[in-house]
$ cat data01.pdb   # PDB, C-alpha atoms and all ligand atoms
ATOM      1  CA  MET A   1      74.410 116.499   3.746  1.00  0.00           C
ATOM      2  CA  ARG A   2      77.973 115.810   2.595  1.00  0.00           C
ATOM      3  CA  GLY A   3      78.970 117.413  -0.725  1.00  0.00           C
ATOM      4  CA  LYS A   4      79.808 115.272  -3.736  1.00  0.00           C
ATOM      5  CA  PHE A   5      83.394 114.670  -4.705  1.00  0.00           C
ATOM      6  CA  ILE A   6      83.972 114.491  -8.454  1.00  0.00           C
ATOM      7  CA  THR A   7      87.383 113.959 -10.058  1.00  0.00           C
ATOM      8  CA  LEU A   8      88.414 114.596 -13.645  1.00  0.00           C
ATOM      9  CA  GLU A   9      91.072 112.334 -15.081  1.00  0.00           C
ATOM     10  CA  GLY A  10      92.640 111.754 -18.459  1.00  0.00           C
ATOM     11  CA  PRO A  11      95.747 111.965 -20.618  1.00  0.00           C
ATOM     12  CA  GLU A  12      97.469 115.235 -21.559  1.00  0.00           C
ATOM     13  CA  GLY A  13      95.319 117.652 -23.558  1.00  0.00           C
ATOM     14  CA  SER A  14      92.014 116.002 -22.677  1.00  0.00           C
ATOM     15  CA  GLY A  15      90.452 119.322 -21.574  1.00  0.00           C
ATOM     16  CA  LYS A  16      90.004 118.602 -17.870  1.00  0.00           C
ATOM     17  CA  SER A  17      90.443 122.143 -16.588  1.00  0.00           C
ATOM     18  CA  THR A  18      88.021 123.603 -19.148  1.00  0.00           C
ATOM     19  CA  GLN A  19      85.462 120.973 -18.181  1.00  0.00           C
ATOM     20  CA  ALA A  20      85.976 121.602 -14.449  1.00  0.00           C
ATOM     21  CA  LYS A  21      84.980 125.248 -14.985  1.00  0.00           C
ATOM     22  CA  MET A  22      81.961 124.238 -17.049  1.00  0.00           C
ATOM     23  CA  ILE A  23      80.779 121.848 -14.321  1.00  0.00           C
ATOM     24  CA  ILE A  24      81.013 124.615 -11.710  1.00  0.00           C
ATOM     25  CA  ARG A  25      78.939 126.910 -13.956  1.00  0.00           C
ATOM     26  CA  ARG A  26      76.216 124.298 -14.480  1.00  0.00           C
ATOM     27  CA  LEU A  27      76.113 123.407 -10.777  1.00  0.00           C
ATOM     28  CA  ALA A  28      75.760 127.100  -9.893  1.00  0.00           C
ATOM     29  CA  GLU A  29      72.759 127.289 -12.251  1.00  0.00           C
ATOM     30  CA  ARG A  30      71.207 124.487 -10.195  1.00  0.00           C
ATOM     31  CA  GLY A  31      71.972 126.333  -6.952  1.00  0.00           C
ATOM     32  CA  ILE A  32      74.657 123.846  -5.908  1.00  0.00           C
ATOM     33  CA  GLU A  33      77.712 125.349  -4.240  1.00  0.00           C
ATOM     34  CA  ALA A  34      80.947 123.888  -5.553  1.00  0.00           C
ATOM     35  CA  ILE A  35      84.662 124.605  -5.744  1.00  0.00           C
ATOM     36  CA  THR A  36      87.270 123.486  -8.200  1.00  0.00           C
ATOM     37  CA  THR A  37      90.836 122.548  -7.329  1.00  0.00           C
ATOM     38  CA  ARG A  38      93.732 120.680  -8.905  1.00  0.00           C
ATOM     39  CA  GLU A  39      96.534 118.217  -8.380  1.00  0.00           C
ATOM     40  CA  PRO A  40      99.360 118.475  -7.853  1.00  0.00           C
ATOM     41  CA  GLY A  41      98.741 121.781  -6.130  1.00  0.00           C
ATOM     42  CA  GLY A  42      95.611 123.416  -4.753  1.00  0.00           C
ATOM     43  CA  THR A  43      97.335 124.455  -1.494  1.00  0.00           C
ATOM     44  CA  ALA A  44     100.403 126.666  -0.907  1.00  0.00           C
ATOM     45  CA  LEU A  45     102.556 123.619  -0.115  1.00  0.00           C
ATOM     46  CA  GLY A  46     101.023 121.646  -2.980  1.00  0.00           C
ATOM     47  CA  GLU A  47     101.812 124.385  -5.514  1.00  0.00           C
ATOM     48  CA  GLU A  48     105.464 124.357  -4.362  1.00  0.00           C
ATOM     49  CA  ILE A  49     105.552 120.594  -4.845  1.00  0.00           C
ATOM     50  CA  ARG A  50     103.964 121.059  -8.288  1.00  0.00           C
ATOM     51  CA  ASN A  51     106.894 123.270  -9.313  1.00  0.00           C
ATOM     52  CA  ILE A  52     109.388 120.691  -8.124  1.00  0.00           C
ATOM     53  CA  LEU A  53     107.590 117.910  -9.963  1.00  0.00           C
ATOM     54  CA  GLN A  54     106.795 119.622 -13.230  1.00  0.00           C
ATOM     55  CA  HIS A  55     109.621 122.061 -13.695  1.00  0.00           C
ATOM     56  CA  ASN A  56     112.546 120.463 -11.866  1.00  0.00           C
ATOM     57  CA  GLN A  57     112.637 123.423  -9.507  1.00  0.00           C
ATOM     58  CA  ALA A  58     115.169 121.627  -7.283  1.00  0.00           C
ATOM     59  CA  GLY A  59     117.514 121.220 -10.263  1.00  0.00           C
ATOM     60  CA  GLU A  60     117.392 117.430  -9.962  1.00  0.00           C
ATOM     61  CA  ALA A  61     114.659 115.164 -11.275  1.00  0.00           C
ATOM     62  CA  PRO A  62     113.073 113.026  -8.524  1.00  0.00           C
ATOM     63  CA  CYS A  63     113.675 109.266  -8.653  1.00  0.00           C
ATOM     64  CA  GLU A  64     110.551 107.232  -9.469  1.00  0.00           C
ATOM     65  CA  ARG A  65     109.456 106.465  -5.916  1.00  0.00           C
ATOM     66  CA  ALA A  66     110.370 109.955  -4.707  1.00  0.00           C
ATOM     67  CA  GLU A  67     108.174 111.325  -7.503  1.00  0.00           C
ATOM     68  CA  LEU A  68     105.278 109.153  -6.365  1.00  0.00           C
ATOM     69  CA  LEU A  69     105.675 110.255  -2.733  1.00  0.00           C
ATOM     70  CA  LEU A  70     105.804 113.940  -3.679  1.00  0.00           C
ATOM     71  CA  PHE A  71     102.470 113.569  -5.483  1.00  0.00           C
ATOM     72  CA  GLU A  72     101.098 111.833  -2.401  1.00  0.00           C
ATOM     73  CA  ALA A  73     102.368 114.607  -0.098  1.00  0.00           C
ATOM     74  CA  SER A  74     100.645 117.235  -2.236  1.00  0.00           C
ATOM     75  CA  ARG A  75      97.482 115.089  -2.241  1.00  0.00           C
ATOM     76  CA  ASN A  76      97.293 114.615   1.527  1.00  0.00           C
ATOM     77  CA  GLN A  77      97.703 118.354   2.056  1.00  0.00           C
ATOM     78  CA  LEU A  78      94.881 119.038  -0.418  1.00  0.00           C
ATOM     79  CA  VAL A  79      92.604 116.420   1.159  1.00  0.00           C
ATOM     80  CA  GLU A  80      93.020 117.752   4.687  1.00  0.00           C
ATOM     81  CA  LYS A  81      93.131 121.492   3.948  1.00  0.00           C
ATOM     82  CA  VAL A  82      90.579 121.757   1.153  1.00  0.00           C
ATOM     83  CA  ILE A  83      88.645 118.678   0.063  1.00  0.00           C
ATOM     84  CA  ARG A  84      87.494 117.119   3.349  1.00  0.00           C
ATOM     85  CA  PRO A  85      86.470 120.436   5.011  1.00  0.00           C
ATOM     86  CA  HIS A  86      84.415 121.506   1.988  1.00  0.00           C
ATOM     87  CA  LEU A  87      82.658 118.156   1.612  1.00  0.00           C
ATOM     88  CA  GLU A  88      81.789 118.208   5.305  1.00  0.00           C
ATOM     89  CA  LYS A  89      80.155 121.615   4.835  1.00  0.00           C
ATOM     90  CA  GLY A  90      78.025 120.210   2.018  1.00  0.00           C
ATOM     91  CA  ILE A  91      80.043 121.942  -0.709  1.00  0.00           C
ATOM     92  CA  TRP A  92      80.834 119.908  -3.826  1.00  0.00           C
ATOM     93  CA  VAL A  93      84.475 119.540  -4.847  1.00  0.00           C
ATOM     94  CA  ILE A  94      85.522 119.164  -8.476  1.00  0.00           C
ATOM     95  CA  CYS A  95      89.164 118.111  -8.654  1.00  0.00           C
ATOM     96  CA  ASP A  96      91.331 118.267 -11.784  1.00  0.00           C
ATOM     97  CA  ARG A  97      93.301 114.985 -11.327  1.00  0.00           C
ATOM     98  CA  PHE A  98      93.420 112.875  -8.155  1.00  0.00           C
ATOM     99  CA  MET A  99      94.592 109.447  -7.026  1.00  0.00           C
ATOM    100  CA  ASP A 100      93.918 107.700 -10.365  1.00  0.00           C
ATOM    101  CA  SER A 101      96.538 109.963 -11.989  1.00  0.00           C
ATOM    102  CA  THR A 102      99.128 108.321  -9.748  1.00  0.00           C
ATOM    103  CA  THR A 103      98.024 104.813 -10.706  1.00  0.00           C
ATOM    104  CA  ALA A 104      98.007 105.757 -14.395  1.00  0.00           C
ATOM    105  CA  TYR A 105     101.276 107.764 -14.526  1.00  0.00           C
ATOM    106  CA  GLN A 106     103.488 106.287 -11.797  1.00  0.00           C
ATOM    107  CA  GLY A 107     101.948 102.805 -11.879  1.00  0.00           C
ATOM    108  CA  TYR A 108     101.151 102.044 -15.523  1.00  0.00           C
ATOM    109  CA  GLY A 109     103.353 104.767 -17.067  1.00  0.00           C
ATOM    110  CA  ARG A 110     106.557 104.453 -15.019  1.00  0.00           C
ATOM    111  CA  GLY A 111     106.002 100.784 -14.244  1.00  0.00           C
ATOM    112  CA  LEU A 112     105.891 100.945 -10.428  1.00  0.00           C
ATOM    113  CA  PRO A 113     103.892  98.022  -8.933  1.00  0.00           C
ATOM    114  CA  VAL A 114     100.236  99.021  -9.311  1.00  0.00           C
ATOM    115  CA  GLN A 115      98.938  97.314  -6.145  1.00  0.00           C
ATOM    116  CA  ALA A 116     101.578  99.073  -4.014  1.00  0.00           C
ATOM    117  CA  VAL A 117     100.784 102.417  -5.664  1.00  0.00           C
ATOM    118  CA  LYS A 118      97.083 101.966  -4.894  1.00  0.00           C
ATOM    119  CA  ALA A 119      97.812 100.992  -1.288  1.00  0.00           C
ATOM    120  CA  ILE A 120      99.861 104.170  -0.840  1.00  0.00           C
ATOM    121  CA  HIS A 121      97.210 106.497  -2.182  1.00  0.00           C
ATOM    122  CA  TYR A 122      94.449 104.876  -0.144  1.00  0.00           C
ATOM    123  CA  PHE A 123      96.653 105.591   2.893  1.00  0.00           C
ATOM    124  CA  THR A 124      97.088 109.189   1.662  1.00  0.00           C
ATOM    125  CA  VAL A 125      93.418 109.991   1.051  1.00  0.00           C
ATOM    126  CA  ASP A 126      92.338 108.472   4.377  1.00  0.00           C
ATOM    127  CA  GLY A 127      88.760 107.731   3.349  1.00  0.00           C
ATOM    128  CA  VAL A 128      88.221 110.672   0.985  1.00  0.00           C
ATOM    129  CA  VAL A 129      87.472 108.736  -2.213  1.00  0.00           C
ATOM    130  CA  PRO A 130      85.696 110.267  -5.241  1.00  0.00           C
ATOM    131  CA  ASP A 131      81.955 109.645  -5.608  1.00  0.00           C
ATOM    132  CA  LEU A 132      82.375 109.925  -9.359  1.00  0.00           C
ATOM    133  CA  THR A 133      85.425 109.908 -11.626  1.00  0.00           C
ATOM    134  CA  LEU A 134      85.079 111.230 -15.155  1.00  0.00           C
ATOM    135  CA  LEU A 135      87.733 109.820 -17.455  1.00  0.00           C
ATOM    136  CA  LEU A 136      88.148 112.223 -20.377  1.00  0.00           C
ATOM    137  CA  ASP A 137      89.546 109.830 -22.907  1.00  0.00           C
ATOM    138  CA  ILE A 138      91.446 111.050 -25.952  1.00  0.00           C
ATOM    139  CA  GLU A 139      94.018 109.609 -28.344  1.00  0.00           C
ATOM    140  CA  VAL A 140      97.543 110.566 -27.331  1.00  0.00           C
ATOM    141  CA  SER A 141      98.284 112.294 -30.667  1.00  0.00           C
ATOM    142  CA  THR A 142      95.075 114.381 -30.559  1.00  0.00           C
ATOM    143  CA  GLY A 143      95.814 115.449 -26.967  1.00  0.00           C
ATOM    144  CA  PHE A 144      99.326 116.544 -27.924  1.00  0.00           C
ATOM    145  CA  GLU A 145      98.059 118.528 -30.926  1.00  0.00           C
ATOM    146  CA  ARG A 146      95.844 120.466 -28.518  1.00  0.00           C
ATOM    147  CA  ILE A 147      98.708 121.101 -26.117  1.00  0.00           C
ATOM    148  CA  ALA A 148     100.899 122.371 -28.961  1.00  0.00           C
ATOM    149  CA  GLN A 149      98.209 124.885 -29.905  1.00  0.00           C
ATOM    150  CA  ARG A 150      97.910 126.021 -26.307  1.00  0.00           C
ATOM    151  CA  TYR A 151     101.665 126.571 -26.080  1.00  0.00           C
ATOM    152  CA  LEU A 152     101.703 128.572 -29.292  1.00  0.00           C
ATOM    153  CA  ALA A 153      98.940 130.777 -27.916  1.00  0.00           C
ATOM    154  CA  LEU A 154     100.444 131.214 -24.426  1.00  0.00           C
ATOM    155  CA  GLY A 155     104.154 131.059 -25.233  1.00  0.00           C
ATOM    156  CA  GLU A 156     104.719 128.242 -22.674  1.00  0.00           C
ATOM    157  CA  SER A 157     106.860 125.135 -23.063  1.00  0.00           C
ATOM    158  CA  ALA A 158     106.305 121.441 -22.268  1.00  0.00           C
ATOM    159  CA  ASP A 159     106.751 120.264 -18.659  1.00  0.00           C
ATOM    160  CA  ARG A 160     108.694 117.179 -17.513  1.00  0.00           C
ATOM    161  CA  PHE A 161     105.744 114.818 -18.079  1.00  0.00           C
ATOM    162  CA  GLU A 162     104.748 116.203 -21.443  1.00  0.00           C
ATOM    163  CA  GLN A 163     108.345 115.644 -22.575  1.00  0.00           C
ATOM    164  CA  GLU A 164     108.057 111.893 -21.933  1.00  0.00           C
ATOM    165  CA  GLU A 165     108.013 109.604 -24.961  1.00  0.00           C
ATOM    166  CA  ARG A 166     104.842 108.777 -26.799  1.00  0.00           C
ATOM    167  CA  SER A 167     105.019 105.154 -25.523  1.00  0.00           C
ATOM    168  CA  PHE A 168     104.836 106.441 -21.911  1.00  0.00           C
ATOM    169  CA  HIS A 169     101.640 108.356 -22.663  1.00  0.00           C
ATOM    170  CA  GLU A 170     100.142 105.356 -24.472  1.00  0.00           C
ATOM    171  CA  LYS A 171     100.715 103.279 -21.317  1.00  0.00           C
ATOM    172  CA  VAL A 172      99.087 106.007 -19.225  1.00  0.00           C
ATOM    173  CA  ARG A 173      96.009 106.079 -21.456  1.00  0.00           C
ATOM    174  CA  ALA A 174      95.697 102.263 -21.499  1.00  0.00           C
ATOM    175  CA  GLY A 175      96.143 102.242 -17.704  1.00  0.00           C
ATOM    176  CA  TYR A 176      93.295 104.706 -17.259  1.00  0.00           C
ATOM    177  CA  LEU A 177      90.972 102.609 -19.431  1.00  0.00           C
ATOM    178  CA  LYS A 178      91.877  99.520 -17.409  1.00  0.00           C
ATOM    179  CA  LEU A 179      91.051 101.329 -14.159  1.00  0.00           C
ATOM    180  CA  ALA A 180      87.693 102.466 -15.562  1.00  0.00           C
ATOM    181  CA  ASN A 181      86.937  98.901 -16.553  1.00  0.00           C
ATOM    182  CA  GLU A 182      87.793  97.576 -13.113  1.00  0.00           C
ATOM    183  CA  GLU A 183      85.610 100.091 -11.252  1.00  0.00           C
ATOM    184  CA  PRO A 184      82.605 100.758 -13.503  1.00  0.00           C
ATOM    185  CA  GLU A 185      80.437 102.067 -10.647  1.00  0.00           C
ATOM    186  CA  ARG A 186      82.835 104.940  -9.881  1.00  0.00           C
ATOM    187  CA  PHE A 187      84.180 105.695 -13.378  1.00  0.00           C
ATOM    188  CA  ARG A 188      82.458 107.075 -16.475  1.00  0.00           C
ATOM    189  CA  VAL A 189      84.435 107.265 -19.700  1.00  0.00           C
ATOM    190  CA  ILE A 190      83.712 110.391 -21.748  1.00  0.00           C
ATOM    191  CA  ASN A 191      84.865 110.878 -25.338  1.00  0.00           C
ATOM    192  CA  ALA A 192      86.992 114.013 -25.009  1.00  0.00           C
ATOM    193  CA  ALA A 193      87.786 114.362 -28.713  1.00  0.00           C
ATOM    194  CA  GLN A 194      84.522 116.233 -29.309  1.00  0.00           C
ATOM    195  CA  GLU A 195      83.999 119.988 -29.040  1.00  0.00           C
ATOM    196  CA  PRO A 196      84.093 121.279 -25.420  1.00  0.00           C
ATOM    197  CA  GLU A 197      80.330 122.042 -25.410  1.00  0.00           C
ATOM    198  CA  ALA A 198      79.486 118.487 -26.512  1.00  0.00           C
ATOM    199  CA  VAL A 199      81.840 117.009 -23.895  1.00  0.00           C
ATOM    200  CA  SER A 200      80.250 119.264 -21.304  1.00  0.00           C
ATOM    201  CA  SER A 201      76.706 118.089 -22.089  1.00  0.00           C
ATOM    202  CA  ASN A 202      77.773 114.448 -21.892  1.00  0.00           C
ATOM    203  CA  ILE A 203      79.370 115.121 -18.530  1.00  0.00           C
ATOM    204  CA  TRP A 204      76.270 116.923 -17.338  1.00  0.00           C
ATOM    205  CA  LYS A 205      74.058 113.932 -18.231  1.00  0.00           C
ATOM    206  CA  VAL A 206      76.241 111.750 -16.003  1.00  0.00           C
ATOM    207  CA  ILE A 207      76.167 114.264 -13.135  1.00  0.00           C
ATOM    208  CA  GLU A 208      72.375 114.557 -13.357  1.00  0.00           C
ATOM    209  CA  GLU A 209      72.178 110.769 -13.085  1.00  0.00           C
ATOM    210  CA  VAL A 210      74.198 110.994  -9.875  1.00  0.00           C
ATOM    211  CA  LEU A 211      71.926 113.762  -8.582  1.00  0.00           C
ATOM    212  CA  THR A 212      68.796 111.777  -9.384  1.00  0.00           C
ATOM    213  CA  GLU A 213      70.106 108.620  -7.732  1.00  0.00           C
ATOM    214  CA  ASP A 214      70.410 110.600  -4.509  1.00  0.00           C
ATOM    215  CA  ARG A 215      66.793 111.686  -4.327  1.00  0.00           C
TER
HETATM  216  P1  LIG A 301      98.387 118.979 -15.328  1.00  0.00           P
HETATM  217  O1  LIG A 301      97.688 119.278 -14.055  1.00  0.00           O
HETATM  218  O2  LIG A 301      98.728 120.175 -16.104  1.00  0.00           O
HETATM  219  O3  LIG A 301      97.725 117.919 -16.120  1.00  0.00           O
HETATM  220  O4  LIG A 301      99.862 118.444 -14.952  1.00  0.00           O
HETATM  221  C1  LIG A 301     100.084 117.523 -13.995  1.00  0.00           C
HETATM  222  C2  LIG A 301     101.115 116.542 -14.540  1.00  0.00           C
HETATM  223  O5  LIG A 301     101.505 115.659 -13.492  1.00  0.00           O
HETATM  224  C3  LIG A 301     100.542 115.688 -15.647  1.00  0.00           C
HETATM  225  O6  LIG A 301     101.523 115.476 -16.626  1.00  0.00           O
HETATM  226  C4  LIG A 301     100.244 114.377 -14.954  1.00  0.00           C
HETATM  227  C5  LIG A 301     101.231 114.315 -13.839  1.00  0.00           C
HETATM  228  N1  LIG A 301     100.744 113.607 -12.645  1.00  0.00           N
HETATM  229  C6  LIG A 301     101.319 112.404 -12.276  1.00  0.00           C
HETATM  230  O7  LIG A 301     102.230 111.926 -12.950  1.00  0.00           O
HETATM  231  N2  LIG A 301     100.877 111.773 -11.150  1.00  0.00           N
HETATM  232  C7  LIG A 301      99.897 112.285 -10.343  1.00  0.00           C
HETATM  233  O8  LIG A 301      99.531 111.692  -9.329  1.00  0.00           O
HETATM  234  C8  LIG A 301      99.300 113.555 -10.734  1.00  0.00           C
HETATM  235  C9  LIG A 301      98.230 114.156  -9.883  1.00  0.00           C
HETATM  236  C10 LIG A 301      99.757 114.168 -11.885  1.00  0.00           C
END

$ encode --input "data01.pdb" --output "structure tokens"
Amino acid sequence: MRGKFITLEGPEGSGKSTQAKMIIRRLAERGIEAITTREPGGTALGEEIRNILQHNQAGEAPCERAELLLFEASRNQLVEKVIRPHLEKGIWVICDRFMDSTTAYQGYGRGLPVQAVKAIHYFTVDGVVPDLTLLLDIEVSTGFERIAQRYLALGESADRFEQEERSFHEKVRAGYLKLANEEPERFRVINAAQEPEAVSSNIWKVIEEVLTEDR
């Protein structure tokens, strides 16, 4: 049987990567084999593209449509090299960001035409669409407080997206909520402002629902 494909989405500081690890742990307890990966990145080529996109590795910021296409290039590589082969082997894939990030950030955030953005990523994913998308929703200011703490602890600095104005991130968050509203069968909105353990149990309830529906 094909593995399940679950994506984690949400604004900055919503705790997606922590939750991805917690999902893997809970699935392992149930004897379900799963891998976690991320976007942009997850493949050698994808990680190179991630550096260009986040840290201006090329020394020149990409124009808006170039930015969108770089995300799509990283995504197609990840789909064909990692996601599709694992799902076909029956292994679940938990992905930290996927196509809805592009609609939220490049579509709603940057203001590129949303229908065109969606058409491009449906071309990119070539049929590999998430079975379930968990939107970890959090207020922009709370998310940024978390990121600031992380940077203090790790000595890192903000990337190109985190440096965008507050209004950009508000548009991203509103865009995500709109997407969730438009596709209620695929999306579940999770309150990510709670403690990680509480968020994790809410996520697990949703995943168990998905498991039960399949029996
Ligand atoms: P993150 O993986 O640390 O969240 O960083 C990825 C950054 O890239 C984040 O700021 C969101 C942004 N992004 C887009 O703008 N569009 C996309 O399609 C994806 C996958 C990420």

$ axis_aligned_box --input "data01.pdb" --around "ligand LIG 301 (chain A)" --padding-each-side "5 Å" --output "JSON"
{"center_x": 100.0, "center_y": 115.9, "center_z": -13.0, "size_x": 14.5, "size_y": 18.5, "size_z": 17.3}

$ residues_near_ligand --input "data01.pdb" --ligand "ligand LIG 301 (chain A)" --cutoff "8 Å" --atoms "only C-alpha atoms and all ligand atoms" --output "CSV table (one decimal) with C-alpha atoms, in the coordinates of the input"
chain,number,residue,atom,x,y,z
A,11,PRO,CA,95.7,112.0,-20.6
A,12,GLU,CA,97.5,115.2,-21.6
A,13,GLY,CA,95.3,117.7,-23.6
A,16,LYS,CA,90.0,118.6,-17.9
A,38,ARG,CA,93.7,120.7,-8.9
A,39,GLU,CA,96.5,118.2,-8.4
A,40,PRO,CA,99.4,118.5,-7.9
A,50,ARG,CA,104.0,121.1,-8.3
A,53,LEU,CA,107.6,117.9,-10.0
A,54,GLN,CA,106.8,119.6,-13.2
A,68,LEU,CA,105.3,109.2,-6.4
A,71,PHE,CA,102.5,113.6,-5.5
A,72,GLU,CA,101.1,111.8,-2.4
A,75,ARG,CA,97.5,115.1,-2.2
A,96,ASP,CA,91.3,118.3,-11.8
A,97,ARG,CA,93.3,115.0,-11.3
A,98,PHE,CA,93.4,112.9,-8.2
A,99,MET,CA,94.6,109.4,-7.0
A,100,ASP,CA,93.9,107.7,-10.4
A,101,SER,CA,96.5,110.0,-12.0
A,102,THR,CA,99.1,108.3,-9.7
A,103,THR,CA,98.0,104.8,-10.7
A,104,ALA,CA,98.0,105.8,-14.4
A,105,TYR,CA,101.3,107.8,-14.5
A,106,GLN,CA,103.5,106.3,-11.8
A,159,ASP,CA,106.8,120.3,-18.7
A,160,ARG,CA,108.7,117.2,-17.5
A,161,PHE,CA,105.7,114.8,-18.1
A,162,GLU,CA,104.7,116.2,-21.4

$ atom_distance --input "data01.pdb" --atom1 "atom CA of A:Leu45" --atom2 "atom CA of A:Gln77"
7.5 Å

$ closest_residue --input "data01.pdb" --among "A:Leu132, A:Ile6, A:Cys95, A:Met1" --to "A:Thr36" --atoms "only C-alpha atoms"
A:Cys95

$ resolve_selection --input "data01.pdb" --expression "the PyMOL selection byres (((chain A and resi 146) around 12) and not hetatm)" --output "list in words"
Pro11, Glu12, Gly13, Ser14, Gly15, Ile138, Glu139, Val140, Ser141, Thr142, Gly143, Phe144, Glu145, Ile147, Ala148, Gln149, Arg150, Tyr151, Leu152, Ala153, Ala192, Ala193 and Glu195 of chain A

$ resolve_selection --input "data01.pdb" --expression "the PyMOL selection byres (((chain A and resi 31-35) around 6) and not hetatm)" --output "list in words"
Leu27, Ala28, Glu29, Arg30, Thr36, Ile91, Trp92 and Val93 of chain A

$ resolve_selection --input "data01.pdb" --expression "the PyMOL selection byres (((chain A and resi 206) around 12) and not hetatm)" --output "list in words"
Ile6, Ile23, Leu132, Thr133, Leu134, Leu135, Glu185, Arg186, Phe187, Arg188, Val189, Ile190, Val199, Ser200, Ser201, Asn202, Ile203, Trp204, Lys205, Ile207, Glu208, Glu209, Val210, Leu211, Thr212 and Glu213 of chain A

$ closest_residue --input "data01.pdb" --among "A:Gly127, A:Pro196, A:Gly155, A:Gly41" --to "A:Val82" --atoms "all atoms listed in the file"
A:Gly41

$ closest_residue --input "data01.pdb" --among "A:Gly10, A:Val129, A:Ala58, A:Ala116" --to "A:Val79" --atoms "all atoms listed in the file"
A:Val129

$ closest_residue --input "data01.pdb" --among "A:Pro184, A:Gly3, A:Gly175, A:Pro113" --to "A:His86" --atoms "only C-alpha atoms"
A:Gly3

$ closest_residue --input "data01.pdb" --among "A:Arg2, A:Lys118, A:Arg26, A:Arg110" --to "A:Ser167" --atoms "all atoms listed in the file"
A:Arg110

$ atom_distance --input "data01.pdb" --atom1 "atom CA of A:Ala198" --atom2 "atom CA of A:Leu136"
12.3 Å

$ atom_distance --input "data01.pdb" --atom1 "atom CA of A:Ile94" --atom2 "atom CA of A:Leu8"
7.5 Å

$ closest_residue --input "data01.pdb" --among "A:Glu165, A:Lys4, A:Ser74, A:Met22" --to "A:Lys89" --atoms "all atoms listed in the file"
A:Lys4

$ build_atoms --input "data01.pdb" --residues "stretch 4-15 of chain A" --atoms "N, CA, C and O atoms" --output "compact mmCIF listing (two decimals), in the coordinates of the input"
# COMPACT_ATOMS: atom_id res chain seq x y z
N LYS A 4 79.30 116.34 -2.85
CA LYS A 4 79.81 115.27 -3.74
C LYS A 4 81.24 115.59 -4.14
O LYS A 4 81.60 116.75 -4.32
N PHE A 5 82.00 114.52 -4.31
CA PHE A 5 83.39 114.67 -4.70
C PHE A 5 83.58 114.06 -6.10
O PHE A 5 83.43 112.85 -6.28
N ILE A 6 83.84 114.94 -7.06
CA ILE A 6 83.97 114.49 -8.45
C ILE A 6 85.40 114.75 -8.94
O ILE A 6 85.92 115.86 -8.77
N THR A 7 86.03 113.74 -9.52
CA THR A 7 87.38 113.96 -10.06
C THR A 7 87.37 113.84 -11.58
O THR A 7 86.59 113.07 -12.15
N LEU A 8 88.24 114.63 -12.20
CA LEU A 8 88.41 114.60 -13.64
C LEU A 8 89.79 114.00 -13.94
O LEU A 8 90.78 114.46 -13.38
N GLU A 9 89.82 113.00 -14.76
CA GLU A 9 91.07 112.33 -15.08
C GLU A 9 91.22 112.22 -16.59
O GLU A 9 90.23 112.35 -17.32
N GLY A 10 92.44 111.97 -17.03
CA GLY A 10 92.64 111.75 -18.46
C GLY A 10 94.05 112.10 -18.89
O GLY A 10 94.79 112.74 -18.14
N PRO A 11 94.41 111.68 -20.09
CA PRO A 11 95.75 111.96 -20.62
C PRO A 11 95.95 113.45 -20.88
O PRO A 11 95.00 114.25 -20.74
N GLU A 12 97.15 113.83 -21.27
CA GLU A 12 97.47 115.24 -21.56
C GLU A 12 96.54 115.76 -22.66
O GLU A 12 96.25 115.05 -23.61
N GLY A 13 96.11 117.01 -22.50
CA GLY A 13 95.32 117.65 -23.56
C GLY A 13 93.89 117.16 -23.66
O GLY A 13 93.22 117.35 -24.67
N SER A 14 93.38 116.54 -22.58
CA SER A 14 92.01 116.00 -22.68
C SER A 14 90.96 117.04 -22.27
O SER A 14 89.77 116.77 -22.34
N GLY A 15 91.41 118.23 -21.84
CA GLY A 15 90.45 119.32 -21.57
C GLY A 15 89.85 119.31 -20.18
O GLY A 15 88.77 119.87 -19.96
